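Structure data (compact mmCIF, C-alpha atoms) from my_file.txt:
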```txt
# COMPACT_ATOMS: atom_id res chain seq x y z
CA MET Q 1 42.43 9.66 -5.85
CA PRO Q 2 40.47 11.84 -8.32
CA PRO Q 3 42.02 15.09 -9.45
CA ILE Q 4 40.90 18.12 -7.48
CA SER Q 5 40.11 20.95 -9.81
CA PHE Q 6 37.42 23.58 -10.14
CA THR Q 7 35.69 21.74 -12.99
CA TYR Q 8 35.82 18.43 -11.10
CA LEU Q 9 34.26 20.00 -8.02
CA LEU Q 10 31.66 21.82 -10.10
CA LYS Q 11 30.65 18.62 -11.92
CA ARG Q 12 30.48 16.77 -8.61
CA LEU Q 13 28.31 19.48 -7.10
CA LEU Q 14 25.96 19.76 -10.07
CA ARG Q 15 25.40 15.98 -10.24
CA GLY Q 16 23.83 15.98 -6.77
CA GLU Q 17 20.10 15.30 -6.38
CA PRO Q 18 18.96 18.89 -5.62
CA TRP Q 19 20.71 20.21 -8.73
CA GLN Q 20 18.80 17.79 -10.96
CA ARG Q 21 15.50 19.55 -10.32
CA LEU Q 22 14.22 21.69 -13.17
CA HIS Q 23 13.62 24.84 -11.13
CA VAL Q 24 17.16 24.78 -9.76
CA LYS Q 25 18.64 24.23 -13.22
CA ALA Q 26 16.56 27.12 -14.59
CA ALA Q 27 17.73 29.47 -11.82
CA VAL Q 28 21.39 28.50 -12.32
CA TRP Q 29 21.27 28.88 -16.10
CA ALA Q 30 19.40 32.18 -15.83
CA THR Q 31 21.97 33.51 -13.36
CA LEU Q 32 24.82 32.47 -15.65
CA LEU Q 33 23.06 34.20 -18.54
CA LEU Q 34 22.69 37.34 -16.44
CA VAL Q 35 26.39 37.39 -15.57
CA LEU Q 36 27.23 36.94 -19.25
CA VAL Q 37 24.87 39.74 -20.31
CA LEU Q 38 26.24 42.04 -17.61
CA LEU Q 39 29.83 41.46 -18.74
CA VAL Q 40 29.11 41.66 -22.48
CA GLY Q 41 26.78 44.64 -22.07
CA SER Q 42 29.41 46.49 -20.04
CA TRP Q 43 32.08 45.64 -22.60
CA ILE Q 44 29.94 46.78 -25.56
CA ILE Q 45 28.49 49.95 -24.08
CA VAL Q 46 31.83 51.66 -23.33
CA PRO Q 47 32.84 52.21 -26.98
CA VAL Q 48 29.24 53.07 -27.92
CA GLU Q 49 28.85 55.71 -25.20
CA SER Q 50 32.38 57.04 -24.67
CA SER Q 51 32.45 59.13 -27.88
CA ALA Q 52 29.09 60.83 -27.17
CA SER Q 53 28.85 64.22 -25.51
CA ARG Q 54 27.33 64.12 -22.02
CA ALA Q 55 28.42 60.46 -21.76
CA THR Q 56 28.51 59.14 -18.20
CA ILE Q 57 29.51 55.56 -19.00
CA THR Q 58 33.13 55.99 -20.05
CA SER Q 59 35.08 53.08 -18.54
CA PHE Q 60 34.58 49.37 -18.00
CA PRO Q 61 34.31 49.58 -14.18
CA ARG Q 62 31.69 52.35 -14.48
CA ALA Q 63 29.89 50.33 -17.17
CA LEU Q 64 29.91 47.24 -14.97
CA TRP Q 65 28.38 49.21 -12.10
CA TRP Q 66 25.83 50.72 -14.52
CA SER Q 67 24.87 47.26 -15.82
CA VAL Q 68 24.34 45.95 -12.26
CA GLU Q 69 22.19 49.02 -11.45
CA THR Q 70 20.20 48.52 -14.63
CA ALA Q 71 19.71 44.75 -14.28
CA THR Q 72 18.50 45.13 -10.70
CA THR Q 73 16.25 48.03 -11.77
CA VAL Q 74 17.80 50.27 -9.09
CA GLY Q 75 18.85 52.94 -11.56
CA TYR Q 76 20.28 55.64 -9.31
CA GLY Q 77 20.38 58.04 -12.25
CA ASP Q 78 24.08 58.75 -11.88
CA MET Q 79 24.89 56.89 -15.10
CA TYR Q 80 22.67 56.40 -18.12
CA PRO Q 81 23.12 55.83 -21.84
CA VAL Q 82 22.70 58.83 -24.13
CA THR Q 83 23.04 57.19 -27.56
CA PRO Q 84 20.30 55.17 -29.27
CA TRP Q 85 22.47 52.00 -29.35
CA GLY Q 86 23.34 52.52 -25.70
CA ARG Q 87 19.64 52.59 -24.88
CA VAL Q 88 19.09 49.38 -26.84
CA ILE Q 89 21.85 47.72 -24.81
CA ALA Q 90 20.25 49.10 -21.64
CA GLY Q 91 16.91 47.61 -22.69
CA VAL Q 92 18.46 44.18 -23.16
CA VAL Q 93 20.22 44.37 -19.80
CA MET Q 94 16.95 45.43 -18.12
CA LEU Q 95 14.88 42.65 -19.70
CA VAL Q 96 17.42 39.97 -18.86
CA GLY Q 97 17.78 41.28 -15.30
CA ILE Q 98 14.04 41.36 -14.68
CA SER Q 99 13.63 37.89 -16.21
CA VAL Q 100 16.43 36.37 -14.15
CA PHE Q 101 15.16 37.79 -10.88
CA SER Q 102 11.70 36.49 -11.75
CA ILE Q 103 13.07 33.01 -12.46
CA VAL Q 104 15.10 32.96 -9.24
CA THR Q 105 12.06 34.13 -7.24
CA ALA Q 106 9.89 31.44 -8.84
CA SER Q 107 12.57 28.85 -8.09
CA LEU Q 108 12.63 29.82 -4.43
CA ALA Q 109 8.84 29.72 -4.28
CA THR Q 110 8.87 26.26 -5.87
CA TRP Q 111 11.40 25.09 -3.30
CA PHE Q 112 9.27 26.35 -0.40
CA VAL Q 113 6.08 24.86 -1.84
CA SER Q 114 7.70 21.50 -2.60
CA SER Q 115 9.05 21.38 0.94
CA ALA Q 116 5.56 22.01 2.33
CA VAL Q 117 4.06 19.40 -0.02
CA HIS Q 118 6.66 16.86 1.15
CA ARG Q 119 5.73 17.52 4.79
CA MET Q 120 2.01 17.26 3.98
CA ARG Q 121 2.50 13.92 2.20
CA HIS Q 122 4.44 12.59 5.18
CA LEU Q 123 1.66 13.75 7.51
CA ALA Q 124 -0.98 12.13 5.28
CA GLN Q 125 0.91 8.82 5.31
CA THR Q 126 1.23 8.97 9.09
CA LEU Q 127 -2.50 9.66 9.45
CA GLU Q 128 -3.35 6.86 7.03
CA HIS Q 129 -1.19 4.43 9.01
CA ALA Q 130 -2.80 5.54 12.30
CA GLU Q 131 -6.28 5.18 10.76
CA HIS Q 132 -5.44 1.66 9.56
CA GLU Q 133 -4.17 0.66 13.01
CA GLY Q 134 -7.24 2.24 14.64
CA ARG Q 135 -9.57 0.31 12.34
CA ALA Q 136 -7.78 -2.93 13.14
CA GLU Q 137 -8.16 -2.29 16.89
CA VAL Q 138 -11.83 -1.35 16.53
CA SER Q 139 -12.43 -4.43 14.39
CA GLU Q 140 -10.85 -6.66 17.05
CA ASP Q 141 -12.87 -5.00 19.82
CA LEU Q 142 -16.05 -5.35 17.76
CA ARG Q 143 -15.36 -9.04 17.17
CA ALA Q 144 -14.87 -9.56 20.93
CA LEU Q 145 -18.14 -7.75 21.69
CA HIS Q 146 -20.00 -9.90 19.15
CA GLU Q 147 -18.62 -13.00 20.84
CA ARG Q 148 -19.80 -11.80 24.24
CA PHE Q 149 -23.25 -10.90 22.94
CA ASN Q 150 -23.54 -14.30 21.26
CA HIS Q 151 -22.57 -15.95 24.54
CA MET Q 152 -25.16 -13.88 26.45
CA GLU Q 153 -27.86 -14.81 23.90
CA ARG Q 154 -27.05 -18.48 24.30
CA LEU Q 155 -27.30 -18.14 28.07
CA LEU Q 156 -30.65 -16.35 27.79
CA ARG Q 157 -32.07 -18.97 25.42
CA ASN Q 158 -31.00 -21.82 27.60
CA PRO Q 159 -31.40 -20.65 31.24
CA GLY Q 160 -30.19 -23.07 33.83
CA GLY Q 161 -28.83 -25.48 31.22
CA PRO Q 162 -25.25 -26.06 30.19
CA PRO Q 163 -23.81 -23.40 27.91
CA THR Q 164 -23.58 -24.34 24.27
CA GLY Q 165 -21.04 -23.21 21.72
CA LYS Q 166 -17.85 -21.48 22.68
CA SER Q 167 -16.58 -21.38 26.23
CA ASP Q 168 -17.35 -18.50 28.60
CA ARG Q 169 -14.89 -15.62 28.68
```

Before anything else, please render the file you have as structure tokens.
Amino acid sequence: MPPISFTYLLKRLLRGEPWQRLHVKAAVWATLLLVLVLLVGSWIIVPVESSASRATITSFPRALWWSVETATTVGYGDMYPVTPWGRVIAGVVMLVGISVFSIVTASLATWFVSSAVHRMRHLAQTLEHAEHEGRAEVSEDLRALHERFNHMERLLRNPGGPPTGKSDR
């Protein structure tokens, strides 16, 4: 029995077919990058801001909440950087947040579109199969009609005489 651990389960999950698609990989990596930037940005901004007067970001929990607000572009205005380096960090957190949410949105859109394309392809194959069967039936009916017309022509050419060619249907 294989060992059950977090890394084993994660590897098993990520090796599945849906996780091999590029848009899913991009969304996962972008989300991991966002989490990393949120944690590092929160960790870095506390010492940068805490010594400034009028500083509102003075502890790691407050910095973490500030980084989530900033990355999601909510920005309630209750906490904001006052130092130039704090504003640089805020800019990085904003850009990464906006980029990640864009990538995740694009990934979801790709998933919806690919699902619709899959359904359309299935419908097209079904229609193609039905068209092929319909053509085969029409071809058989047309062949039978040609046989009957040929038989009628033979009867009209030779009235009263024995029929020639194929037998009467």

Å distance separating atom CA of Ile98 of chain Q from atom CA of Leu32 of chain Q, one decimal place: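 Taking atom CA of Ile98 of chain Q as the start and atom CA of Leu32 of chain Q as the end point, the length is 14.0 Å.
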
Contacts of segment 43-60 of chain Q at 12 Å (all atoms listed in the file; same-chain gap of 5+ positions) as number ranges by chain: Q: 36-38, 65-67, 77-93

Separation of atom CA of Leu156 of chain Q from atom CA of Ala144 of chain Q, in Å and rounded to one decimal: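 If I compute the distance from atom CA of Leu156 of chain Q to atom CA of Ala144 of chain Q, I get 18.5 Å.
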
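Atom CA of Ala116 of chain Q is found 22.2 Å from atom CA of Glu131 of chain Q.
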